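To start, the structure under review is shown below, and the notes come after it.
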Amino acid sequence: MKKAQKPYFIENISTNIYSIEELCYYLYHNIYLLDETIINEQLLVWMKEELHLRRLYQRLYVLLEEKKNIGEFILPIFKEINYLTYDELKALNVKLAKLDQEAPLLRKKRKGDALVANKMYVSAIKVYQQLLKKEGLEQIRPGLTMSVWHNLGCAYSYLFQMEKAM
């Protein structure tokens with residue numbers, strides 16, 4: 001396992017990662033948090049300079065330039081070190097295909113939920129508040145608005161802001 005001298009900081013969960021194995025773990029377990037805050041040129045430069053993964057850098061840079069979907073971008077990272085078993089890779093592909101078909105607002109709600117799961121309550125609150133300003137949540141899925149309000153209240157309660165939680 002190659003360990004970086006300088007870590008890559010993942011802003012979404014305020015965490016440093018030092019190896020490709022840690023990166024794979026994060027990607028695999030936080031699929032709804034994957035956006036331009038992690039899938040960007042800085043990540044690629046970090047891989048090239050800190051982990052000396054030049055070929056992977058070149059392959060991913062092309063995908064980044066072509067603005068490929070998340071699945072096409074992250075799969076080469078897993079394959080670089082054979083991080084996933086065949087069955088895990090298959091399951092991940094199914095999950096990624098579902099993600100691609102989900103309505104953007106539903107994906108955003110799941111992002112908020114993932115932030116709560118990572119104890120990033122302030123970030124989750126921002127996501128939920130943005131969602132509640134959008135039109136058409138109920139057209140996506142009946143009860144979605146109620147679910148967002150509930151999760152927003154929970155996030156506030158985890159911060160002991162009980163007035164706002166209610």
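Residue numbering restarts at 1 for every chain of the structure tokens, chains are lettered A, B, ... in their displayed order, and ligands are numbered from 1 as they appear.
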
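Using only C-alpha atoms, the contacts of Tyr32 of chain A at a cut-off of 10 Å, with sequence neighbours closer than 2 positions omitted, comprise Leu27, Tyr28, His29, Asn30, Leu34, Asp35, Leu96, Leu99, Arg107, Lys108, Lys109, Arg110, Lys111, Gly112, Asp113, Ala114 and Leu115 of chain A.
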
Output N, CA, C and O atoms for every residue in that selection, as a short mmCIF file (atom, residue, chain, number, x, y, z; two decimals), in the first residue's frame.
```cif
data_model
loop_
_atom_site.label_atom_id
_atom_site.label_comp_id
_atom_site.auth_asym_id
_atom_site.auth_seq_id
_atom_site.Cartn_x
_atom_site.Cartn_y
_atom_site.Cartn_z
N LEU A 27 -15.11 6.12 -1.91
CA LEU A 27 -15.95 6.11 -3.11
C LEU A 27 -17.05 5.06 -3.01
O LEU A 27 -18.20 5.31 -3.34
N TYR A 28 -16.67 3.89 -2.53
CA TYR A 28 -17.62 2.77 -2.46
C TYR A 28 -18.73 3.02 -1.45
O TYR A 28 -19.89 2.70 -1.69
N HIS A 29 -18.37 3.62 -0.32
CA HIS A 29 -19.34 3.80 0.76
C HIS A 29 -20.06 5.14 0.76
O HIS A 29 -20.93 5.38 1.61
N ASN A 30 -19.71 6.01 -0.17
CA ASN A 30 -20.32 7.35 -0.19
C ASN A 30 -20.76 7.74 -1.60
O ASN A 30 -20.51 8.85 -2.05
N LEU A 34 -20.58 11.75 -4.18
CA LEU A 34 -19.64 11.94 -5.28
C LEU A 34 -20.15 13.02 -6.22
O LEU A 34 -21.17 12.87 -6.87
N ASP A 35 -19.41 14.12 -6.25
CA ASP A 35 -19.74 15.23 -7.14
C ASP A 35 -18.44 15.93 -7.48
O ASP A 35 -17.35 15.41 -7.21
N LEU A 96 -24.89 2.24 -9.54
CA LEU A 96 -24.55 3.40 -10.37
C LEU A 96 -25.56 3.61 -11.49
O LEU A 96 -25.89 4.75 -11.82
N LEU A 99 -28.50 5.21 -9.96
CA LEU A 99 -28.15 6.59 -9.65
C LEU A 99 -28.29 7.47 -10.88
O LEU A 99 -28.83 8.57 -10.80
N ARG A 107 -31.68 12.53 -5.94
CA ARG A 107 -30.25 12.30 -5.69
C ARG A 107 -29.73 13.30 -4.66
O ARG A 107 -28.94 12.95 -3.79
N LYS A 108 -30.20 14.53 -4.76
CA LYS A 108 -29.78 15.56 -3.81
C LYS A 108 -30.26 15.22 -2.39
O LYS A 108 -29.53 15.40 -1.42
N LYS A 109 -31.48 14.69 -2.29
CA LYS A 109 -32.00 14.29 -0.98
C LYS A 109 -31.14 13.17 -0.41
O LYS A 109 -30.78 13.17 0.76
N ARG A 110 -30.77 12.22 -1.25
CA ARG A 110 -29.92 11.12 -0.80
C ARG A 110 -28.53 11.63 -0.38
O ARG A 110 -27.90 11.08 0.51
N LYS A 111 -28.08 12.69 -1.03
CA LYS A 111 -26.81 13.31 -0.64
C LYS A 111 -26.94 13.86 0.78
O LYS A 111 -26.05 13.66 1.61
N GLY A 112 -28.03 14.55 1.06
CA GLY A 112 -28.27 15.06 2.41
C GLY A 112 -28.29 13.93 3.42
O GLY A 112 -27.70 14.03 4.50
N ASP A 113 -28.96 12.83 3.07
CA ASP A 113 -29.02 11.67 3.96
C ASP A 113 -27.63 11.10 4.21
O ASP A 113 -27.30 10.72 5.34
N ALA A 114 -26.81 11.05 3.16
CA ALA A 114 -25.45 10.53 3.31
C ALA A 114 -24.61 11.46 4.19
O ALA A 114 -23.78 10.99 4.98
N LEU A 115 -24.84 12.75 4.07
CA LEU A 115 -24.12 13.70 4.92
C LEU A 115 -24.51 13.50 6.39
O LEU A 115 -23.65 13.54 7.27
#
```

Name all residues at most 9 Å from Ile10 of chain A (count only C-alpha atoms; drop same-chain ones fewer than 5 positions away) and give them as an mmCIF file with N, CA, C and O atoms, in the first residue's frame.
```cif
data_model
loop_
_atom_site.group_PDB
_atom_site.id
_atom_site.type_symbol
_atom_site.label_atom_id
_atom_site.label_comp_id
_atom_site.auth_asym_id
_atom_site.auth_seq_id
_atom_site.Cartn_x
_atom_site.Cartn_y
_atom_site.Cartn_z
ATOM 1 N N THR A 15 -12.361 14.953 5.732
ATOM 2 C CA THR A 15 -11.480 13.826 6.015
ATOM 3 C C THR A 15 -10.278 13.829 5.080
ATOM 4 O O THR A 15 -10.421 14.129 3.896
ATOM 5 N N ASN A 16 -9.134 13.480 5.623
ATOM 6 C CA ASN A 16 -7.932 13.293 4.812
ATOM 7 C C ASN A 16 -7.808 11.831 4.419
ATOM 8 O O ASN A 16 -8.081 10.950 5.244
ATOM 9 N N ILE A 17 -7.391 11.594 3.180
ATOM 10 C CA ILE A 17 -7.086 10.226 2.771
ATOM 11 C C ILE A 17 -5.629 10.187 2.320
ATOM 12 O O ILE A 17 -5.113 11.157 1.786
ATOM 13 N N THR A 37 -16.917 18.140 -6.040
ATOM 14 C CA THR A 37 -16.041 18.444 -4.910
ATOM 15 C C THR A 37 -14.997 17.356 -4.704
ATOM 16 O O THR A 37 -13.987 17.596 -4.060
ATOM 17 N N ILE A 38 -15.248 16.160 -5.224
ATOM 18 C CA ILE A 38 -14.231 15.099 -5.138
ATOM 19 C C ILE A 38 -13.745 14.673 -6.515
ATOM 20 O O ILE A 38 -12.571 14.397 -6.708
#
```

With only C-alpha atoms as the basis for distance, which of A:Gln139, A:Ser147, A:Gln42, A:Asn12 is at the shortest distance from Ala103 of chain A?
A:Gln139

Mind checking DSSP for chain A and telling me the alpha helix (DSSP H) residues as a compact mmCIF listing (two decimals) with N, CA, C and O atoms, in the first residue's frame?
```
# COMPACT_ATOMS: atom_id res chain seq x y z
N ILE A 20 -4.73 4.94 -2.07
CA ILE A 20 -5.78 4.60 -3.03
C ILE A 20 -6.81 3.68 -2.38
O ILE A 20 -8.00 3.72 -2.70
N GLU A 21 -6.37 2.87 -1.42
CA GLU A 21 -7.31 2.00 -0.71
C GLU A 21 -8.33 2.83 0.08
O GLU A 21 -9.52 2.53 0.07
N GLU A 22 -7.85 3.87 0.75
CA GLU A 22 -8.77 4.76 1.48
C GLU A 22 -9.71 5.48 0.52
O GLU A 22 -10.89 5.65 0.82
N LEU A 23 -9.17 5.87 -0.63
CA LEU A 23 -10.01 6.53 -1.65
C LEU A 23 -11.09 5.57 -2.12
O LEU A 23 -12.26 5.95 -2.22
N CYS A 24 -10.72 4.33 -2.40
CA CYS A 24 -11.71 3.33 -2.84
C CYS A 24 -12.79 3.11 -1.78
O CYS A 24 -13.97 3.03 -2.10
N TYR A 25 -12.37 3.04 -0.53
CA TYR A 25 -13.33 2.86 0.56
C TYR A 25 -14.33 4.02 0.57
O TYR A 25 -15.54 3.82 0.66
N TYR A 26 -13.81 5.24 0.47
CA TYR A 26 -14.68 6.42 0.47
C TYR A 26 -15.64 6.38 -0.72
O TYR A 26 -16.84 6.59 -0.56
N LEU A 27 -15.11 6.12 -1.91
CA LEU A 27 -15.95 6.11 -3.11
C LEU A 27 -17.05 5.06 -3.01
O LEU A 27 -18.20 5.31 -3.34
N TYR A 28 -16.67 3.89 -2.53
CA TYR A 28 -17.62 2.77 -2.46
C TYR A 28 -18.73 3.02 -1.45
O TYR A 28 -19.89 2.70 -1.69
N HIS A 29 -18.37 3.62 -0.32
CA HIS A 29 -19.34 3.80 0.76
C HIS A 29 -20.06 5.14 0.76
O HIS A 29 -20.93 5.38 1.61
N GLU A 41 -9.95 17.79 -10.91
CA GLU A 41 -8.55 17.75 -11.32
C GLU A 41 -7.60 17.64 -10.12
O GLU A 41 -6.56 16.98 -10.21
N GLN A 42 -7.95 18.25 -8.99
CA GLN A 42 -7.08 18.16 -7.82
C GLN A 42 -6.88 16.71 -7.36
O GLN A 42 -5.78 16.33 -6.97
N LEU A 43 -7.96 15.92 -7.42
CA LEU A 43 -7.85 14.51 -7.05
C LEU A 43 -6.87 13.80 -7.98
O LEU A 43 -6.02 13.03 -7.53
N LEU A 44 -6.98 14.08 -9.27
CA LEU A 44 -6.11 13.42 -10.24
C LEU A 44 -4.65 13.82 -10.04
O LEU A 44 -3.76 12.97 -10.09
N VAL A 45 -4.42 15.10 -9.80
CA VAL A 45 -3.05 15.58 -9.56
C VAL A 45 -2.50 14.92 -8.30
O VAL A 45 -1.34 14.48 -8.26
N TRP A 46 -3.32 14.81 -7.26
CA TRP A 46 -2.89 14.14 -6.03
C TRP A 46 -2.50 12.69 -6.30
O TRP A 46 -1.47 12.22 -5.82
N MET A 47 -3.31 11.99 -7.09
CA MET A 47 -3.00 10.59 -7.43
C MET A 47 -1.67 10.49 -8.17
O MET A 47 -0.88 9.59 -7.91
N LYS A 48 -1.46 11.40 -9.09
CA LYS A 48 -0.23 11.37 -9.90
C LYS A 48 0.98 11.73 -9.05
O LYS A 48 1.99 11.01 -9.08
N GLU A 49 0.89 12.80 -8.28
CA GLU A 49 2.06 13.29 -7.56
C GLU A 49 2.33 12.56 -6.25
O GLU A 49 3.48 12.31 -5.91
N GLU A 50 1.28 12.22 -5.53
CA GLU A 50 1.47 11.59 -4.22
C GLU A 50 1.52 10.06 -4.27
O GLU A 50 2.23 9.43 -3.51
N ARG A 54 0.61 7.44 -12.52
CA ARG A 54 0.58 8.26 -13.75
C ARG A 54 -0.38 7.72 -14.81
O ARG A 54 -1.10 8.49 -15.42
N ARG A 55 -0.38 6.41 -15.02
CA ARG A 55 -1.28 5.84 -16.04
C ARG A 55 -2.74 6.05 -15.66
O ARG A 55 -3.56 6.40 -16.50
N LEU A 56 -3.05 5.84 -14.39
CA LEU A 56 -4.42 6.05 -13.92
C LEU A 56 -4.78 7.53 -14.07
O LEU A 56 -5.88 7.86 -14.50
N TYR A 57 -3.86 8.40 -13.72
CA TYR A 57 -4.07 9.84 -13.89
C TYR A 57 -4.45 10.16 -15.33
O TYR A 57 -5.43 10.87 -15.59
N GLN A 58 -3.69 9.63 -16.28
CA GLN A 58 -3.94 9.91 -17.70
C GLN A 58 -5.30 9.38 -18.15
O GLN A 58 -6.06 10.07 -18.83
N ARG A 59 -5.62 8.17 -17.73
CA ARG A 59 -6.91 7.55 -18.09
C ARG A 59 -8.08 8.37 -17.52
O ARG A 59 -9.06 8.66 -18.21
N LEU A 60 -7.95 8.76 -16.26
CA LEU A 60 -9.03 9.51 -15.61
C LEU A 60 -9.14 10.94 -16.12
O LEU A 60 -10.24 11.49 -16.18
N TYR A 61 -8.01 11.51 -16.48
CA TYR A 61 -8.03 12.88 -16.99
C TYR A 61 -8.87 12.97 -18.27
O TYR A 61 -9.66 13.90 -18.44
N VAL A 62 -8.74 11.98 -19.13
CA VAL A 62 -9.54 11.93 -20.37
C VAL A 62 -11.02 11.83 -20.02
O VAL A 62 -11.85 12.54 -20.58
N LEU A 63 -11.35 10.99 -19.05
CA LEU A 63 -12.75 10.83 -18.63
C LEU A 63 -13.29 12.11 -18.01
O LEU A 63 -14.45 12.47 -18.22
N LEU A 64 -12.45 12.80 -17.25
CA LEU A 64 -12.86 14.06 -16.64
C LEU A 64 -13.13 15.11 -17.72
O LEU A 64 -14.13 15.81 -17.67
N GLU A 65 -12.23 15.19 -18.69
CA GLU A 65 -12.39 16.15 -19.80
C GLU A 65 -13.66 15.86 -20.60
O GLU A 65 -14.34 16.78 -21.04
N ILE A 70 -20.31 9.45 -13.27
CA ILE A 70 -19.56 9.06 -12.07
C ILE A 70 -19.05 7.63 -12.17
O ILE A 70 -17.90 7.35 -11.85
N GLY A 71 -19.90 6.73 -12.62
CA GLY A 71 -19.51 5.32 -12.72
C GLY A 71 -18.32 5.09 -13.61
O GLY A 71 -17.38 4.38 -13.26
N GLU A 72 -18.34 5.71 -14.78
CA GLU A 72 -17.23 5.54 -15.71
C GLU A 72 -15.95 6.12 -15.13
O GLU A 72 -14.85 5.66 -15.45
N PHE A 73 -16.08 7.12 -14.29
CA PHE A 73 -14.91 7.75 -13.68
C PHE A 73 -14.33 6.92 -12.54
O PHE A 73 -13.12 6.76 -12.44
N ILE A 74 -15.18 6.39 -11.67
CA ILE A 74 -14.65 5.71 -10.48
C ILE A 74 -14.26 4.25 -10.72
O ILE A 74 -13.40 3.74 -10.00
N LEU A 75 -14.85 3.59 -11.69
CA LEU A 75 -14.54 2.17 -11.89
C LEU A 75 -13.05 1.92 -12.15
O LEU A 75 -12.49 0.97 -11.58
N PRO A 76 -12.37 2.72 -12.97
CA PRO A 76 -10.93 2.47 -13.15
C PRO A 76 -10.12 2.59 -11.85
O PRO A 76 -9.09 1.94 -11.69
N ILE A 77 -10.60 3.40 -10.92
CA ILE A 77 -9.89 3.54 -9.63
C ILE A 77 -9.98 2.23 -8.87
O ILE A 77 -8.98 1.73 -8.34
N PHE A 78 -11.17 1.63 -8.82
CA PHE A 78 -11.33 0.34 -8.15
C PHE A 78 -10.50 -0.74 -8.84
O PHE A 78 -9.88 -1.58 -8.17
N LYS A 79 -10.51 -0.72 -10.16
CA LYS A 79 -9.80 -1.76 -10.92
C LYS A 79 -8.29 -1.65 -10.78
O LYS A 79 -7.58 -2.65 -10.90
N GLU A 80 -7.80 -0.44 -10.52
CA GLU A 80 -6.35 -0.23 -10.39
C GLU A 80 -5.74 -1.16 -9.34
O GLU A 80 -4.62 -1.64 -9.51
N TYR A 86 -15.71 -9.51 -7.78
CA TYR A 86 -16.56 -9.50 -8.96
C TYR A 86 -18.01 -9.18 -8.58
O TYR A 86 -18.67 -8.35 -9.21
N ASP A 87 -18.51 -9.80 -7.52
CA ASP A 87 -19.90 -9.57 -7.09
C ASP A 87 -20.11 -8.14 -6.59
O ASP A 87 -21.14 -7.53 -6.86
N GLU A 88 -19.13 -7.60 -5.87
CA GLU A 88 -19.23 -6.22 -5.40
C GLU A 88 -19.23 -5.24 -6.58
O GLU A 88 -19.97 -4.27 -6.58
N LEU A 89 -18.40 -5.54 -7.57
CA LEU A 89 -18.33 -4.70 -8.77
C LEU A 89 -19.66 -4.73 -9.52
O LEU A 89 -20.14 -3.68 -9.97
N LYS A 90 -20.24 -5.92 -9.62
CA LYS A 90 -21.55 -6.05 -10.28
C LYS A 90 -22.61 -5.25 -9.53
O LYS A 90 -23.39 -4.51 -10.13
N ALA A 91 -22.63 -5.39 -8.21
CA ALA A 91 -23.61 -4.67 -7.38
C ALA A 91 -23.41 -3.16 -7.50
O ALA A 91 -24.38 -2.40 -7.57
N LEU A 92 -22.16 -2.73 -7.54
CA LEU A 92 -21.86 -1.31 -7.68
C LEU A 92 -22.35 -0.79 -9.03
O LEU A 92 -22.92 0.30 -9.10
N ASN A 93 -22.15 -1.56 -10.08
CA ASN A 93 -22.63 -1.16 -11.40
C ASN A 93 -24.15 -0.98 -11.41
O ASN A 93 -24.67 -0.05 -12.02
N VAL A 94 -24.87 -1.87 -10.73
CA VAL A 94 -26.33 -1.76 -10.64
C VAL A 94 -26.70 -0.49 -9.89
O VAL A 94 -27.56 0.28 -10.31
N LYS A 95 -26.00 -0.24 -8.78
CA LYS A 95 -26.25 0.97 -7.97
C LYS A 95 -25.99 2.24 -8.79
O LYS A 95 -26.76 3.19 -8.73
N LEU A 96 -24.89 2.24 -9.54
CA LEU A 96 -24.55 3.40 -10.37
C LEU A 96 -25.56 3.61 -11.49
O LEU A 96 -25.89 4.75 -11.82
N ALA A 97 -26.05 2.51 -12.07
CA ALA A 97 -27.06 2.63 -13.13
C ALA A 97 -28.34 3.25 -12.56
O ALA A 97 -28.96 4.11 -13.18
N LYS A 98 -28.74 2.82 -11.36
CA LYS A 98 -29.92 3.39 -10.70
C LYS A 98 -29.69 4.88 -10.41
O LYS A 98 -30.58 5.69 -10.59
N LEU A 99 -28.50 5.21 -9.96
CA LEU A 99 -28.15 6.59 -9.65
C LEU A 99 -28.29 7.47 -10.88
O LEU A 99 -28.83 8.57 -10.80
N ASP A 100 -27.82 6.98 -12.01
CA ASP A 100 -27.92 7.73 -13.26
C ASP A 100 -29.37 7.99 -13.67
O ASP A 100 -29.66 8.99 -14.32
N GLN A 101 -30.27 7.08 -13.30
CA GLN A 101 -31.67 7.20 -13.71
C GLN A 101 -32.51 8.00 -12.71
O GLN A 101 -33.62 8.38 -13.01
N PRO A 104 -32.65 14.27 -10.37
CA PRO A 104 -31.61 15.04 -9.67
C PRO A 104 -32.02 15.47 -8.26
O PRO A 104 -31.18 15.46 -7.36
N LEU A 105 -33.28 15.82 -8.05
CA LEU A 105 -33.71 16.25 -6.72
C LEU A 105 -33.71 15.09 -5.73
O LEU A 105 -33.39 15.26 -4.55
N LEU A 106 -34.04 13.90 -6.19
CA LEU A 106 -34.01 12.72 -5.32
C LEU A 106 -32.56 12.38 -4.97
O LEU A 106 -32.24 12.04 -3.82
N ARG A 107 -31.68 12.53 -5.94
CA ARG A 107 -30.25 12.30 -5.69
C ARG A 107 -29.73 13.30 -4.66
O ARG A 107 -28.94 12.95 -3.79
N LYS A 108 -30.20 14.53 -4.76
CA LYS A 108 -29.78 15.56 -3.81
C LYS A 108 -30.26 15.22 -2.39
O LYS A 108 -29.53 15.40 -1.42
N LYS A 109 -31.48 14.69 -2.29
CA LYS A 109 -32.00 14.29 -0.98
C LYS A 109 -31.14 13.17 -0.41
O LYS A 109 -30.78 13.17 0.76
N ARG A 110 -30.77 12.22 -1.25
CA ARG A 110 -29.92 11.12 -0.80
C ARG A 110 -28.53 11.63 -0.38
O ARG A 110 -27.90 11.08 0.51
N LYS A 111 -28.08 12.69 -1.03
CA LYS A 111 -26.81 13.31 -0.64
C LYS A 111 -26.94 13.86 0.78
O LYS A 111 -26.05 13.66 1.61
N GLY A 112 -28.03 14.55 1.06
CA GLY A 112 -28.27 15.06 2.41
C GLY A 112 -28.29 13.93 3.42
O GLY A 112 -27.70 14.03 4.50
N ASP A 113 -28.96 12.83 3.07
CA ASP A 113 -29.02 11.67 3.96
C ASP A 113 -27.63 11.10 4.21
O ASP A 113 -27.30 10.72 5.34
N ALA A 114 -26.81 11.05 3.16
CA ALA A 114 -25.45 10.53 3.31
C ALA A 114 -24.61 11.46 4.19
O ALA A 114 -23.78 10.99 4.98
N LEU A 115 -24.84 12.75 4.07
CA LEU A 115 -24.12 13.70 4.92
C LEU A 115 -24.51 13.50 6.39
O LEU A 115 -23.65 13.54 7.27
N VAL A 116 -25.79 13.27 6.64
CA VAL A 116 -26.24 12.99 8.02
C VAL A 116 -25.56 11.71 8.52
O VAL A 116 -25.07 11.66 9.65
N ALA A 117 -25.51 10.69 7.67
CA ALA A 117 -24.88 9.43 8.06
C ALA A 117 -23.40 9.63 8.42
O ALA A 117 -22.86 8.90 9.25
N TYR A 121 -23.81 17.41 9.75
CA TYR A 121 -25.17 17.92 9.89
C TYR A 121 -25.37 19.29 9.26
O TYR A 121 -26.40 19.54 8.64
N VAL A 122 -24.42 20.20 9.41
CA VAL A 122 -24.57 21.55 8.86
C VAL A 122 -24.67 21.46 7.33
O VAL A 122 -25.51 22.11 6.71
N SER A 123 -23.81 20.66 6.72
CA SER A 123 -23.86 20.48 5.26
C SER A 123 -25.18 19.84 4.84
O SER A 123 -25.77 20.23 3.83
N ALA A 124 -25.64 18.87 5.60
CA ALA A 124 -26.92 18.21 5.30
C ALA A 124 -28.07 19.22 5.37
O ALA A 124 -28.95 19.23 4.51
N ILE A 125 -28.05 20.05 6.39
CA ILE A 125 -29.10 21.08 6.55
C ILE A 125 -29.14 21.98 5.32
O ILE A 125 -30.22 22.28 4.80
N LYS A 126 -27.98 22.39 4.83
CA LYS A 126 -27.93 23.24 3.64
C LYS A 126 -28.56 22.53 2.44
O LYS A 126 -29.31 23.13 1.67
N VAL A 127 -28.25 21.25 2.28
CA VAL A 127 -28.80 20.47 1.16
C VAL A 127 -30.32 20.39 1.28
O VAL A 127 -31.05 20.64 0.32
N TYR A 128 -30.81 20.06 2.48
CA TYR A 128 -32.26 19.95 2.68
C TYR A 128 -32.96 21.29 2.47
O TYR A 128 -34.04 21.35 1.87
N GLN A 129 -32.36 22.38 2.94
CA GLN A 129 -32.97 23.70 2.76
C GLN A 129 -33.05 24.07 1.28
O GLN A 129 -34.05 24.63 0.83
N GLN A 130 -32.00 23.76 0.52
CA GLN A 130 -32.02 24.01 -0.93
C GLN A 130 -33.14 23.20 -1.59
O GLN A 130 -33.85 23.70 -2.45
N LEU A 131 -33.28 21.96 -1.16
CA LEU A 131 -34.33 21.10 -1.73
C LEU A 131 -35.72 21.66 -1.49
O LEU A 131 -36.58 21.62 -2.37
N LEU A 132 -35.95 22.16 -0.29
CA LEU A 132 -37.28 22.66 0.06
C LEU A 132 -37.65 23.92 -0.72
O LEU A 132 -38.83 24.27 -0.79
N LEU A 137 -41.20 18.49 -5.80
CA LEU A 137 -40.70 17.34 -5.05
C LEU A 137 -41.73 16.21 -5.01
O LEU A 137 -41.38 15.04 -5.13
N GLU A 138 -43.00 16.57 -4.87
CA GLU A 138 -44.05 15.54 -4.79
C GLU A 138 -44.27 14.82 -6.11
O GLU A 138 -44.74 13.69 -6.13
N GLN A 139 -43.95 15.47 -7.23
CA GLN A 139 -44.09 14.81 -8.53
C GLN A 139 -43.03 13.73 -8.70
O GLN A 139 -43.24 12.75 -9.40
N ILE A 140 -41.89 13.91 -8.04
CA ILE A 140 -40.82 12.92 -8.13
C ILE A 140 -41.20 11.67 -7.35
O ILE A 140 -41.09 10.56 -7.84
N LEU A 144 -42.05 12.91 -0.59
CA LEU A 144 -40.66 13.35 -0.59
C LEU A 144 -40.49 14.64 0.22
O LEU A 144 -39.54 14.76 1.00
N THR A 145 -41.41 15.58 0.07
CA THR A 145 -41.32 16.83 0.82
C THR A 145 -41.35 16.55 2.33
O THR A 145 -40.53 17.09 3.08
N MET A 146 -42.27 15.70 2.75
CA MET A 146 -42.39 15.35 4.16
C MET A 146 -41.10 14.68 4.66
O MET A 146 -40.61 14.98 5.75
N SER A 147 -40.53 13.83 3.84
CA SER A 147 -39.29 13.14 4.20
C SER A 147 -38.12 14.13 4.36
O SER A 147 -37.32 14.02 5.29
N VAL A 148 -38.06 15.12 3.47
CA VAL A 148 -37.01 16.14 3.56
C VAL A 148 -37.18 16.95 4.85
O VAL A 148 -36.21 17.19 5.58
N TRP A 149 -38.43 17.37 5.13
CA TRP A 149 -38.68 18.13 6.37
C TRP A 149 -38.29 17.30 7.60
O TRP A 149 -37.68 17.81 8.53
N HIS A 150 -38.66 16.03 7.59
CA HIS A 150 -38.33 15.14 8.72
C HIS A 150 -36.82 15.06 8.92
O HIS A 150 -36.30 15.22 10.03
N ASN A 151 -36.09 14.81 7.82
CA ASN A 151 -34.64 14.66 7.92
C ASN A 151 -33.96 15.98 8.31
O ASN A 151 -32.96 15.98 9.02
N LEU A 152 -34.53 17.10 7.85
CA LEU A 152 -34.02 18.41 8.24
C LEU A 152 -34.17 18.59 9.75
O LEU A 152 -33.24 19.01 10.44
N GLY A 153 -35.34 18.23 10.27
CA GLY A 153 -35.58 18.31 11.71
C GLY A 153 -34.62 17.43 12.49
O GLY A 153 -34.07 17.83 13.53
N CYS A 154 -34.38 16.23 11.98
CA CYS A 154 -33.42 15.32 12.65
C CYS A 154 -32.02 15.93 12.66
O CYS A 154 -31.33 15.88 13.68
N ALA A 155 -31.59 16.48 11.52
CA ALA A 155 -30.25 17.08 11.45
C ALA A 155 -30.11 18.21 12.46
O ALA A 155 -29.09 18.30 13.16
N TYR A 156 -31.15 19.06 12.57
CA TYR A 156 -31.11 20.12 13.57
C TYR A 156 -31.05 19.54 14.99
O TYR A 156 -30.33 20.05 15.85
N SER A 157 -31.80 18.46 15.23
CA SER A 157 -31.82 17.88 16.58
C SER A 157 -30.46 17.29 16.94
O SER A 157 -30.05 17.34 18.10
N TYR A 158 -29.73 16.75 15.96
CA TYR A 158 -28.39 16.21 16.24
C TYR A 158 -27.43 17.33 16.64
O TYR A 158 -26.42 17.07 17.29
N MET A 162 -33.09 22.46 19.09
CA MET A 162 -34.41 21.87 19.20
C MET A 162 -35.53 22.79 18.67
O MET A 162 -36.50 22.30 18.10
N GLU A 163 -35.39 24.08 18.83
CA GLU A 163 -36.41 25.00 18.30
C GLU A 163 -36.50 24.86 16.78
O GLU A 163 -37.59 24.75 16.22
N LYS A 164 -35.35 24.85 16.13
CA LYS A 164 -35.34 24.71 14.67
C LYS A 164 -35.78 23.30 14.28
O LYS A 164 -36.43 23.14 13.24
N ALA A 165 -35.43 22.32 15.08
CA ALA A 165 -35.81 20.94 14.77
C ALA A 165 -37.33 20.78 14.75
O ALA A 165 -37.88 20.08 13.90
```

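Here the residues within chain A that DSSP labels strand (DSSP E) on the basis of the backbone are Tyr8, Phe9, Ile10, Thr15, Asn16 and Ile17 of chain A.
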
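Rounded to one decimal, atom CA of Asn118 of chain A and atom CA of Leu159 of chain A lie 13.5 Å from each other.
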